[in-house]
file structure-v4.tsv (TSV, C-alpha atoms)
chain	number	residue	atom	x	y	z
A	1	MET	CA	103.80	165.85	147.08
A	2	ALA	CA	105.67	162.52	146.92
A	3	ASP	CA	108.80	161.96	148.98
A	4	SER	CA	112.18	162.13	147.26
A	5	GLU	CA	112.69	158.39	147.74
A	6	GLU	CA	109.45	157.79	145.81
A	7	ILE	CA	110.49	160.20	143.05
A	8	PHE	CA	114.07	159.00	142.52
A	9	LYS	CA	115.43	155.52	142.16
A	10	PRO	CA	116.65	153.85	145.43
A	11	SER	CA	120.24	153.75	144.20
A	12	LEU	CA	120.22	157.51	143.66
A	13	ALA	CA	118.72	158.19	147.10
A	14	ALA	CA	121.29	155.88	148.76
A	15	LEU	CA	124.10	157.63	146.92
A	16	LEU	CA	122.91	161.01	148.14
A	17	LYS	CA	122.85	159.80	151.75
A	18	LYS	CA	126.53	158.89	151.50
A	19	LEU	CA	127.37	162.51	150.83
A	20	ASP	CA	127.71	165.14	153.44
A	21	PRO	CA	124.32	165.48	155.18
A	22	LYS	CA	124.17	169.20	154.54
A	23	ASP	CA	125.04	168.79	150.84
A	24	SER	CA	122.54	165.98	150.44
A	25	GLU	CA	119.76	168.17	151.83
A	26	HIS	CA	120.64	170.93	149.38
A	27	ILE	CA	120.71	168.50	146.50
A	28	MET	CA	117.38	167.01	147.52
A	29	ASP	CA	115.85	170.45	147.76
A	30	TYR	CA	117.19	171.24	144.30
A	31	PHE	CA	115.66	168.13	142.80
A	32	LYS	CA	112.35	168.71	144.55
A	33	THR	CA	112.23	172.26	143.20
A	34	ASN	CA	112.99	171.06	139.67
A	35	VAL	CA	110.33	168.38	139.94
A	36	LEU	CA	107.79	170.99	140.95
A	37	LEU	CA	108.86	173.22	138.08
A	38	MET	CA	108.60	170.35	135.62
A	39	ARG	CA	105.10	169.53	136.82
A	40	GLU	CA	104.00	173.16	136.63
A	41	LYS	CA	105.49	173.39	133.13
A	42	ALA	CA	103.62	170.25	132.08
A	43	LEU	CA	100.37	171.63	133.48
A	44	LEU	CA	101.00	174.94	131.71
A	45	LYS	CA	101.60	173.18	128.38
A	46	ALA	CA	98.43	171.17	128.84
A	47	SER	CA	96.43	174.34	129.56
A	48	VAL	CA	97.95	176.05	126.51
A	49	ARG	CA	96.95	173.10	124.34
A	50	GLU	CA	93.41	173.22	125.72
A	51	GLU	CA	93.24	176.95	125.13
A	52	LYS	CA	94.42	176.55	121.53
A	53	LYS	CA	91.87	173.79	121.04
A	54	LEU	CA	89.13	176.01	122.41
A	55	LEU	CA	90.23	178.87	120.14
A	56	VAL	CA	90.10	176.58	117.09
A	57	GLU	CA	86.67	175.29	118.03
A	58	ASN	CA	85.44	178.82	118.68
A	59	ALA	CA	86.67	180.00	115.26
A	60	LYS	CA	84.97	177.02	113.61
A	61	LEU	CA	81.74	177.79	115.45
A	62	LYS	CA	81.89	181.42	114.27
A	63	ASN	CA	82.35	180.26	110.68
A	64	ASP	CA	79.38	177.90	111.00
A	65	ILE	CA	77.21	180.73	112.37
A	66	ALA	CA	78.27	183.01	109.50
A	67	ASP	CA	77.42	180.30	106.93
A	68	LEU	CA	74.00	179.76	108.52
A	69	ARG	CA	73.33	183.51	108.47
A	70	VAL	CA	74.16	183.68	104.74
A	71	GLN	CA	71.91	180.68	104.01
A	72	LEU	CA	69.06	182.27	105.97
A	73	GLN	CA	69.43	185.56	104.10
A	74	ASP	CA	69.40	183.76	100.73
A	75	LYS	CA	66.30	181.83	101.75
A	76	ASN	CA	64.51	185.03	102.79
A	77	LYS	CA	65.48	186.69	99.50
A	78	ARG	CA	64.05	183.76	97.52
A	79	LYS	CA	60.82	183.90	99.52
A	80	LEU	CA	60.53	187.65	98.92
A	81	ALA	CA	61.20	187.27	95.19
A	82	LYS	CA	58.62	184.49	94.96
A	83	ALA	CA	56.04	186.66	96.73
A	84	LEU	CA	56.74	189.67	94.50
A	85	PHE	CA	56.64	187.80	91.19
A	86	ALA	CA	54.03	185.20	91.96
A	87	PRO	CA	51.32	185.13	89.44
A	88	VAL	CA	48.24	187.09	90.42
A	89	PRO	CA	45.08	184.92	90.60
A	90	PRO	CA	42.20	185.83	88.24
A	91	PRO	CA	39.33	187.86	89.74
A	92	ALA	CA	36.32	186.02	91.05
A	93	LYS	CA	33.64	185.51	88.43
A	94	PRO	CA	30.15	186.83	89.10
A	95	ALA	CA	27.35	184.31	89.22
A	96	HIS	CA	25.57	185.68	86.15
A	97	SER	CA	26.61	186.29	82.57
A	98	LEU	CA	25.15	189.15	80.61
A	99	PRO	CA	24.54	189.85	76.92
A	100	VAL	CA	27.21	192.17	75.57
A	101	ARG	CA	27.15	194.30	72.45
A	102	GLU	CA	30.43	193.04	71.04
A	103	SER	CA	30.51	195.89	68.55
A	104	GLU	CA	31.27	198.23	71.43
A	105	SER	CA	34.58	196.46	72.07
A	106	PRO	CA	37.66	197.80	70.23
A	107	LEU	CA	38.89	194.19	69.98
A	108	ALA	CA	35.72	192.84	68.36
A	109	VAL	CA	36.41	190.38	65.54
A	110	ARG	CA	33.70	189.74	62.96
A	111	PRO	CA	33.51	187.67	59.75
A	112	LYS	CA	34.81	189.41	56.65
A	113	SER	CA	32.23	190.88	54.32
A	114	ASP	CA	31.19	188.81	51.31
A	115	PRO	CA	32.79	190.41	48.23
A	116	LEU	CA	29.78	189.30	46.14
A	117	SER	CA	27.48	191.40	48.27
A	118	LEU	CA	29.29	194.63	47.46
A	119	GLY	CA	27.03	197.05	45.64
A	120	LYS	CA	23.87	195.41	47.02
A	121	GLU	CA	21.62	197.37	49.32
A	122	GLN	CA	22.60	196.57	52.89
A	123	ARG	CA	19.87	195.22	55.12
A	124	MET	CA	18.83	197.17	58.18
A	125	ASP	CA	17.76	194.69	60.83
A	126	VAL	CA	18.93	193.30	64.16
A	127	SER	CA	21.04	190.53	62.58
A	128	ARG	CA	23.67	193.22	61.86
A	129	LEU	CA	24.38	193.43	65.61
A	130	ASP	CA	26.87	190.92	66.97
A	131	ILE	CA	25.45	190.37	70.46
A	132	ARG	CA	27.33	187.90	72.66
A	133	ILE	CA	26.95	186.44	76.13
A	134	GLY	CA	29.68	187.77	78.43
A	135	ARG	CA	30.78	187.37	82.03
A	136	ILE	CA	31.73	190.58	83.86
A	137	LEU	CA	35.13	190.32	85.56
A	138	SER	CA	35.52	193.89	86.82
A	139	ILE	CA	33.80	197.28	86.66
A	140	ARG	CA	35.30	200.76	87.02
A	141	ARG	CA	34.05	204.28	86.40
A	142	HIS	CA	34.68	205.76	82.95
A	143	PRO	CA	37.45	208.38	83.26
A	144	LEU	CA	35.70	210.82	80.89
A	145	ALA	CA	32.01	210.26	81.66
A	146	GLU	CA	30.55	210.10	85.15
A	147	THR	CA	27.39	208.31	83.96
A	148	MET	CA	29.31	205.53	82.19
A	149	SER	CA	31.45	202.64	83.39
A	150	VAL	CA	34.13	200.44	81.85
A	151	GLN	CA	33.95	196.66	82.24
A	152	GLU	CA	36.38	193.82	81.72
A	153	VAL	CA	34.25	191.09	80.14
A	154	GLU	CA	35.05	187.46	79.35
A	155	LEU	CA	33.76	186.38	75.93
A	156	GLY	CA	35.23	182.89	75.69
A	157	GLU	CA	38.48	184.16	74.17
A	158	PRO	CA	42.09	183.89	75.40
A	159	ALA	CA	41.89	187.36	76.99
A	160	PRO	CA	39.00	189.46	78.32
A	161	ARG	CA	37.73	192.49	76.39
A	162	THR	CA	37.19	196.05	77.57
A	163	VAL	CA	33.69	197.35	76.78
A	164	ALA	CA	31.85	200.55	77.70
A	165	ARG	CA	28.27	199.34	77.29
A	166	LEU	CA	26.15	196.30	78.22
A	167	LEU	CA	22.55	195.73	77.14
A	168	CYS	CA	20.13	197.00	79.77
A	169	CYS	CA	16.37	197.44	80.02
A	170	SER	CA	14.56	200.36	81.61
A	171	ALA	CA	10.95	201.14	82.27
A	172	SER	CA	11.74	204.49	83.88
A	173	ASN	CA	14.76	206.62	84.59
A	174	ASP	CA	15.14	205.20	88.09
A	175	HIS	CA	14.58	201.50	87.30
A	176	ILE	CA	17.17	199.78	85.13
A	177	GLU	CA	18.04	196.09	84.83
A	178	MET	CA	20.60	194.20	82.78
A	179	LEU	CA	19.46	191.48	80.43
A	180	ALA	CA	20.07	188.00	81.80
A	181	PRO	CA	21.06	185.08	79.53
A	182	PRO	CA	19.27	181.73	79.59
A	183	PRO	CA	20.52	179.05	82.01
A	184	GLY	CA	23.47	177.08	80.70
A	185	SER	CA	24.85	179.92	78.58
A	186	THR	CA	28.61	180.33	78.39
A	187	PRO	CA	30.75	183.37	77.55
A	188	GLY	CA	30.97	183.82	73.79
A	189	ASP	CA	27.53	182.38	72.93
A	190	ARG	CA	25.89	184.44	70.20
A	191	VAL	CA	22.39	185.87	70.55
A	192	THR	CA	20.35	185.20	67.38
A	193	PHE	CA	16.92	186.16	66.08
A	194	ASN	CA	14.73	183.55	64.41
A	195	ASN	CA	13.30	185.82	61.71
A	196	TYR	CA	16.61	187.56	60.97
A	197	PRO	CA	19.30	184.97	60.11
A	198	GLY	CA	21.85	187.33	58.54
A	199	GLU	CA	25.49	187.60	59.60
A	200	PRO	CA	26.54	190.55	61.82
A	201	ASP	CA	28.61	193.44	60.54
A	202	ARG	CA	32.34	193.14	61.03
A	203	GLU	CA	32.30	196.66	62.45
A	204	LEU	CA	29.51	199.15	62.94
A	205	VAL	CA	30.34	202.29	61.00
A	206	SER	CA	29.15	205.37	62.84
A	207	LYS	CA	27.90	207.12	59.70
A	208	ASP	CA	25.54	204.21	58.95
A	209	ARG	CA	23.81	204.79	62.31
A	210	VAL	CA	22.88	201.09	62.54
A	211	TRP	CA	22.50	201.02	66.32
A	212	GLU	CA	20.58	204.31	66.40
A	213	THR	CA	18.17	202.97	63.76
A	214	LEU	CA	17.59	199.55	65.40
A	215	GLN	CA	17.55	200.51	69.07
A	216	PRO	CA	13.97	201.89	69.22
A	217	ASP	CA	12.65	198.42	68.21
A	218	LEU	CA	14.59	196.59	70.97
A	219	GLN	CA	12.16	195.99	73.82
A	220	THR	CA	10.96	193.50	76.44
A	221	ASP	CA	7.47	192.08	76.22
A	222	GLY	CA	4.89	191.44	78.95
A	223	ARG	CA	6.93	188.45	80.20
A	224	GLY	CA	10.21	190.36	80.27
A	225	VAL	CA	11.59	188.53	77.19
A	226	ALA	CA	13.92	190.68	75.06
A	227	ASN	CA	12.90	190.98	71.41
A	228	TYR	CA	13.28	192.92	68.19
A	229	LYS	CA	9.96	193.51	66.46
A	230	GLY	CA	8.64	190.37	68.13
A	231	ALA	CA	11.73	188.22	67.34
A	232	TRP	CA	13.15	186.98	70.63
A	233	PHE	CA	16.75	187.29	71.80
A	234	GLU	CA	17.71	183.60	71.70
A	235	VAL	CA	20.79	181.50	72.43
A	236	LYS	CA	20.35	178.46	70.23
A	237	GLY	CA	19.57	175.33	72.21
A	238	LYS	CA	19.67	177.15	75.57
A	239	GLY	CA	16.76	179.55	75.70
A	240	LEU	CA	15.75	183.22	75.70
A	241	CYS	CA	17.28	186.37	77.17
A	242	ARG	CA	15.07	188.32	79.54
A	243	THR	CA	15.04	190.80	82.40
A	244	PRO	CA	14.65	189.62	86.01
A	245	THR	CA	11.55	191.76	86.75
A	246	LEU	CA	10.99	194.50	84.18
A	247	THR	CA	8.32	194.10	81.50
A	248	ASN	CA	7.39	196.23	78.49
A	249	GLY	CA	10.63	198.16	78.80
A	250	SER	CA	13.09	199.66	76.36
A	251	ILE	CA	16.48	198.00	75.67
A	252	HIS	CA	19.46	200.25	75.27
call {"tool": "encode", "arguments": {"input": "structure-v4.tsv", "output": "structure tokens"}}
result
Amino acid sequence: MADSEEIFKPSLAALLKKLDPKDSEHIMDYFKTNVLLMREKALLKASVREEKKLLVENAKLKNDIADLRVQLQDKNKRKLAKALFAPVPPPAKPAHSLPVRESESPLAVRPKSDPLSLGKEQRMDVSRLDIRIGRILSIRRHPLAETMSVQEVELGEPAPRTVARLLCCSASNDHIEMLAPPPGSTPGDRVTFNNYPGEPDRELVSKDRVWETLQPDLQTDGRGVANYKGAWFEVKGKGLCRTPTLTNGSIH
């Protein structure tokens, strides 16, 4: 605490000394007390200002935290929405493609019949079957038949087709193999027969019993090559369809 002479001007201190000694002491005590009060008041104001400053900064910090929380929630929502609606990748494709009886597919599309051929006797040979090379994408059990399955098959079209039968070969009830296409075949390739160049039916009518009539003559020879009455299952420019191991079997 500074002395009164250091606090007040010299002229004021000298004036006080000229007064009665007792009165000057009282006056000095009064001024000292007021000086202390003024200093305490100044310190109190400074602390109040600091407190207000801290309160303002604290409120700003709370607002910043709230904004960050909202941004984080929005980001998590966008991530969740992206995960829920992200496109599903296509199923893995098996290594082998298989001949498919396209007539079994409800989406099969065939050339329109020639109007000039109406009234003529329809041929009954394997060229009436539209057999295509397909790639199996998925297999599931048929809901109405335990011994049958339903396949999603790629046929070189914008969307896969659902079929209930693929061409297989069997030499006995316990040994069955699917026909394998020649190397280099692609989904949608048509299987043709050299001696039977006709165009396939647009749709096999059940009452004509085309498949039932032709199926007994679909076989594999001693080399496992699929044929109809000796005419090989062929993909033009790529080769013959055959079974991996079975020979002299029946195709169905």
call {"tool": "closest_residue", "arguments": {"input": "structure-v4.tsv", "among": "A:Leu37, A:Leu214, A:Val163, A:Ile65", "to": "Lys229 in chain A", "atoms": "all atoms listed in the file"}}
result
A:Leu214
call {"tool": "residues_near_point", "arguments": {"input": "structure-v4.tsv", "point": "(18.9, 178.7, 76.6)", "cutoff": "7 Å", "atoms": "all atoms listed in the file", "output": "ChimeraX atom specification"}}
result
/A:182-185,235-240
call {"tool": "closest_residue", "arguments": {"input": "structure-v4.tsv", "among": "A:Gln151, A:Thr192, A:Ser172, A:Gln219", "to": "Asp130 in chain A", "atoms": "only C-alpha atoms"}}
result
A:Thr192
call {"tool": "residues_near_point", "arguments": {"input": "structure-v4.tsv", "point": "(13.7, 186.5, 69.0)", "cutoff": "10 Å", "atoms": "all atoms listed in the file", "output": "MDAnalysis selection string"}}
result
chainID A and resid 126 191:196 225:235 240:241
call {"tool": "write_last_selection", "arguments": {"input": "structure-v4.tsv", "atoms": "C-alpha atoms", "output": "PDB file, keeping the file's coordinate frame"}}
result
ATOM      1  CA  VAL A 126      18.930 193.300  64.160  1.00  0.00           C
ATOM      2  CA  VAL A 191      22.390 185.870  70.550  1.00  0.00           C
ATOM      3  CA  THR A 192      20.350 185.200  67.380  1.00  0.00           C
ATOM      4  CA  PHE A 193      16.920 186.160  66.080  1.00  0.00           C
ATOM      5  CA  ASN A 194      14.730 183.550  64.410  1.00  0.00           C
ATOM      6  CA  ASN A 195      13.300 185.820  61.710  1.00  0.00           C
ATOM      7  CA  TYR A 196      16.610 187.560  60.970  1.00  0.00           C
ATOM      8  CA  VAL A 225      11.590 188.530  77.190  1.00  0.00           C
ATOM      9  CA  ALA A 226      13.920 190.680  75.060  1.00  0.00           C
ATOM     10  CA  ASN A 227      12.900 190.980  71.410  1.00  0.00           C
ATOM     11  CA  TYR A 228      13.280 192.920  68.190  1.00  0.00           C
ATOM     12  CA  LYS A 229       9.960 193.510  66.460  1.00  0.00           C
ATOM     13  CA  GLY A 230       8.640 190.370  68.130  1.00  0.00           C
ATOM     14  CA  ALA A 231      11.730 188.220  67.340  1.00  0.00           C
ATOM     15  CA  TRP A 232      13.150 186.980  70.630  1.00  0.00           C
ATOM     16  CA  PHE A 233      16.750 187.290  71.800  1.00  0.00           C
ATOM     17  CA  GLU A 234      17.710 183.600  71.700  1.00  0.00           C
ATOM     18  CA  VAL A 235      20.790 181.500  72.430  1.00  0.00           C
ATOM     19  CA  LEU A 240      15.750 183.220  75.700  1.00  0.00           C
ATOM     20  CA  CYS A 241      17.280 186.370  77.170  1.00  0.00           C
TER      21      CYS A 241
END
call {"tool": "residues_around", "arguments": {"input": "structure-v4.tsv", "residues": "Arg209 in chain A", "least_positions_apart": "3", "cutoff": "12 Å", "atoms": "all atoms listed in the file", "output": "JSON, numbers by chain"}}
result
{"A": [124, 125, 128, 129, 203, 204, 205, 206, 212, 213, 214, 215]}
call {"tool": "residues_around", "arguments": {"input": "structure-v4.tsv", "residues": "Val153 in chain A", "least_positions_apart": "4", "cutoff": "7 Å", "atoms": "all atoms listed in the file", "output": "PyMOL selection string"}}
result
chain A and resi 134-137+160-162
call {"tool": "atom_distance", "arguments": {"input": "structure-v4.tsv", "atom1": "CA of Pro143 in chain A", "atom2": "CA of Ile251 in chain A"}}
result
24.6 Å
call {"tool": "atom_distance", "arguments": {"input": "structure-v4.tsv", "atom1": "CA of Met148 in chain A", "atom2": "CA of Asp221 in chain A"}}
result
26.3 Å
call {"tool": "residues_around", "arguments": {"input": "structure-v4.tsv", "residues": "Ile176 in chain A", "least_positions_apart": "3", "cutoff": "10 Å", "atoms": "all atoms listed in the file", "output": "compact mmCIF listing (two decimals) with C-alpha atoms, keeping the file's coordinate frame"}}
result
# COMPACT_ATOMS: atom_id res chain seq x y z
CA CYS A 168 20.13 197.00 79.77
CA CYS A 169 16.37 197.44 80.02
CA SER A 170 14.56 200.36 81.61
CA ALA A 171 10.95 201.14 82.27
CA SER A 172 11.74 204.49 83.88
CA ASN A 173 14.76 206.62 84.59
CA LEU A 179 19.46 191.48 80.43
CA THR A 243 15.04 190.80 82.40
CA THR A 245 11.55 191.76 86.75
CA LEU A 246 10.99 194.50 84.18
CA GLY A 249 10.63 198.16 78.80
CA SER A 250 13.09 199.66 76.36
CA ILE A 251 16.48 198.00 75.67
call {"tool": "atom_distance", "arguments": {"input": "structure-v4.tsv", "atom1": "CA of Gly188 in chain A", "atom2": "CA of Ile133 in chain A"}}
result
5.3 Å
call {"tool": "closest_residue", "arguments": {"input": "structure-v4.tsv", "among": "A:Asn34, A:Asn63, A:Pro187, A:Arg202", "to": "Pro158 in chain A", "atoms": "only C-alpha atoms"}}
result
A:Pro187
call {"tool": "closest_residue", "arguments": {"input": "structure-v4.tsv", "among": "A:Arg69, A:Glu50, A:Thr220, A:Arg123", "to": "Gly198 in chain A", "atoms": "all atoms listed in the file"}}
result
A:Arg123
call {"tool": "build_atoms", "arguments": {"input": "structure-v4.tsv", "residues": "range 131-153 of chain A", "atoms": "N, CA, C and O atoms", "output": "PDB file, in the coordinates of the input"}}
result
ATOM      1  N   ILE A 131      25.714 190.359  69.027  1.00  0.00           N
ATOM      2  CA  ILE A 131      25.450 190.370  70.460  1.00  0.00           C
ATOM      3  C   ILE A 131      25.893 189.039  71.048  1.00  0.00           C
ATOM      4  O   ILE A 131      25.474 187.980  70.591  1.00  0.00           O
ATOM      5  N   ARG A 132      26.748 189.104  72.077  1.00  0.00           N
ATOM      6  CA  ARG A 132      27.330 187.900  72.660  1.00  0.00           C
ATOM      7  C   ARG A 132      27.044 187.852  74.169  1.00  0.00           C
ATOM      8  O   ARG A 132      26.854 188.867  74.817  1.00  0.00           O
ATOM      9  N   ILE A 133      27.051 186.626  74.689  1.00  0.00           N
ATOM     10  CA  ILE A 133      26.950 186.440  76.130  1.00  0.00           C
ATOM     11  C   ILE A 133      28.336 186.653  76.732  1.00  0.00           C
ATOM     12  O   ILE A 133      29.327 186.104  76.256  1.00  0.00           O
ATOM     13  N   GLY A 134      28.397 187.488  77.778  1.00  0.00           N
ATOM     14  CA  GLY A 134      29.680 187.770  78.430  1.00  0.00           C
ATOM     15  C   GLY A 134      29.567 187.658  79.929  1.00  0.00           C
ATOM     16  O   GLY A 134      28.478 187.746  80.497  1.00  0.00           O
ATOM     17  N   ARG A 135      30.721 187.416  80.568  1.00  0.00           N
ATOM     18  CA  ARG A 135      30.780 187.370  82.030  1.00  0.00           C
ATOM     19  C   ARG A 135      31.615 188.546  82.521  1.00  0.00           C
ATOM     20  O   ARG A 135      32.763 188.706  82.132  1.00  0.00           O
ATOM     21  N   ILE A 136      31.040 189.390  83.367  1.00  0.00           N
ATOM     22  CA  ILE A 136      31.730 190.580  83.860  1.00  0.00           C
ATOM     23  C   ILE A 136      32.788 190.154  84.884  1.00  0.00           C
ATOM     24  O   ILE A 136      32.490 189.464  85.852  1.00  0.00           O
ATOM     25  N   LEU A 137      34.036 190.607  84.643  1.00  0.00           N
ATOM     26  CA  LEU A 137      35.130 190.320  85.560  1.00  0.00           C
ATOM     27  C   LEU A 137      35.419 191.485  86.495  1.00  0.00           C
ATOM     28  O   LEU A 137      35.773 191.292  87.654  1.00  0.00           O
ATOM     29  N   SER A 138      35.276 192.712  85.989  1.00  0.00           N
ATOM     30  CA  SER A 138      35.520 193.890  86.820  1.00  0.00           C
ATOM     31  C   SER A 138      34.781 195.081  86.223  1.00  0.00           C
ATOM     32  O   SER A 138      34.479 195.110  85.033  1.00  0.00           O
ATOM     33  N   ILE A 139      34.499 196.061  87.081  1.00  0.00           N
ATOM     34  CA  ILE A 139      33.800 197.280  86.660  1.00  0.00           C
ATOM     35  C   ILE A 139      34.507 198.468  87.290  1.00  0.00           C
ATOM     36  O   ILE A 139      34.833 198.445  88.476  1.00  0.00           O
ATOM     37  N   ARG A 140      34.735 199.519  86.484  1.00  0.00           N
ATOM     38  CA  ARG A 140      35.300 200.760  87.020  1.00  0.00           C
ATOM     39  C   ARG A 140      34.643 201.951  86.324  1.00  0.00           C
ATOM     40  O   ARG A 140      34.085 201.813  85.244  1.00  0.00           O
ATOM     41  N   ARG A 141      34.699 203.092  86.958  1.00  0.00           N
ATOM     42  CA  ARG A 141      34.050 204.280  86.400  1.00  0.00           C
ATOM     43  C   ARG A 141      34.813 204.773  85.174  1.00  0.00           C
ATOM     44  O   ARG A 141      36.045 204.743  85.121  1.00  0.00           O
ATOM     45  N   HIS A 142      34.059 205.233  84.169  1.00  0.00           N
ATOM     46  CA  HIS A 142      34.680 205.760  82.950  1.00  0.00           C
ATOM     47  C   HIS A 142      35.422 207.048  83.297  1.00  0.00           C
ATOM     48  O   HIS A 142      34.871 207.932  83.965  1.00  0.00           O
ATOM     49  N   PRO A 143      36.678 207.183  82.869  1.00  0.00           N
ATOM     50  CA  PRO A 143      37.450 208.380  83.260  1.00  0.00           C
ATOM     51  C   PRO A 143      36.935 209.679  82.656  1.00  0.00           C
ATOM     52  O   PRO A 143      37.228 210.748  83.173  1.00  0.00           O
ATOM     53  N   LEU A 144      36.158 209.600  81.564  1.00  0.00           N
ATOM     54  CA  LEU A 144      35.700 210.820  80.890  1.00  0.00           C
ATOM     55  C   LEU A 144      34.204 211.044  80.974  1.00  0.00           C
ATOM     56  O   LEU A 144      33.707 212.059  80.485  1.00  0.00           O
ATOM     57  N   ALA A 145      33.474 210.118  81.572  1.00  0.00           N
ATOM     58  CA  ALA A 145      32.010 210.260  81.660  1.00  0.00           C
ATOM     59  C   ALA A 145      31.538 209.691  82.995  1.00  0.00           C
ATOM     60  O   ALA A 145      31.690 208.495  83.242  1.00  0.00           O
ATOM     61  N   GLU A 146      30.972 210.544  83.816  1.00  0.00           N
ATOM     62  CA  GLU A 146      30.550 210.100  85.150  1.00  0.00           C
ATOM     63  C   GLU A 146      29.394 209.102  85.091  1.00  0.00           C
ATOM     64  O   GLU A 146      29.225 208.283  85.983  1.00  0.00           O
ATOM     65  N   THR A 147      28.568 209.182  84.040  1.00  0.00           N
ATOM     66  CA  THR A 147      27.390 208.310  83.960  1.00  0.00           C
ATOM     67  C   THR A 147      27.706 206.976  83.284  1.00  0.00           C
ATOM     68  O   THR A 147      26.816 206.141  83.143  1.00  0.00           O
ATOM     69  N   MET A 148      28.940 206.771  82.862  1.00  0.00           N
ATOM     70  CA  MET A 148      29.310 205.530  82.190  1.00  0.00           C
ATOM     71  C   MET A 148      30.360 204.767  83.004  1.00  0.00           C
ATOM     72  O   MET A 148      31.036 205.343  83.858  1.00  0.00           O
ATOM     73  N   SER A 149      30.455 203.477  82.731  1.00  0.00           N
ATOM     74  CA  SER A 149      31.450 202.640  83.390  1.00  0.00           C
ATOM     75  C   SER A 149      32.168 201.790  82.345  1.00  0.00           C
ATOM     76  O   SER A 149      31.690 201.616  81.221  1.00  0.00           O
ATOM     77  N   VAL A 150      33.314 201.284  82.725  1.00  0.00           N
ATOM     78  CA  VAL A 150      34.130 200.440  81.850  1.00  0.00           C
ATOM     79  C   VAL A 150      34.223 199.065  82.492  1.00  0.00           C
ATOM     80  O   VAL A 150      34.538 198.949  83.678  1.00  0.00           O
ATOM     81  N   GLN A 151      33.956 198.018  81.706  1.00  0.00           N
ATOM     82  CA  GLN A 151      33.950 196.660  82.240  1.00  0.00           C
ATOM     83  C   GLN A 151      34.989 195.791  81.527  1.00  0.00           C
ATOM     84  O   GLN A 151      35.235 195.954  80.334  1.00  0.00           O
ATOM     85  N   GLU A 152      35.581 194.901  82.288  1.00  0.00           N
ATOM     86  CA  GLU A 152      36.380 193.820  81.720  1.00  0.00           C
ATOM     87  C   GLU A 152      35.450 192.621  81.604  1.00  0.00           C
ATOM     88  O   GLU A 152      34.892 192.158  82.604  1.00  0.00           O
ATOM     89  N   VAL A 153      35.255 192.116  80.380  1.00  0.00           N
ATOM     90  CA  VAL A 153      34.250 191.090  80.140  1.00  0.00           C
ATOM     91  C   VAL A 153      34.895 189.885  79.461  1.00  0.00           C
ATOM     92  O   VAL A 153      35.670 190.024  78.506  1.00  0.00           O
TER      93      VAL A 153
END
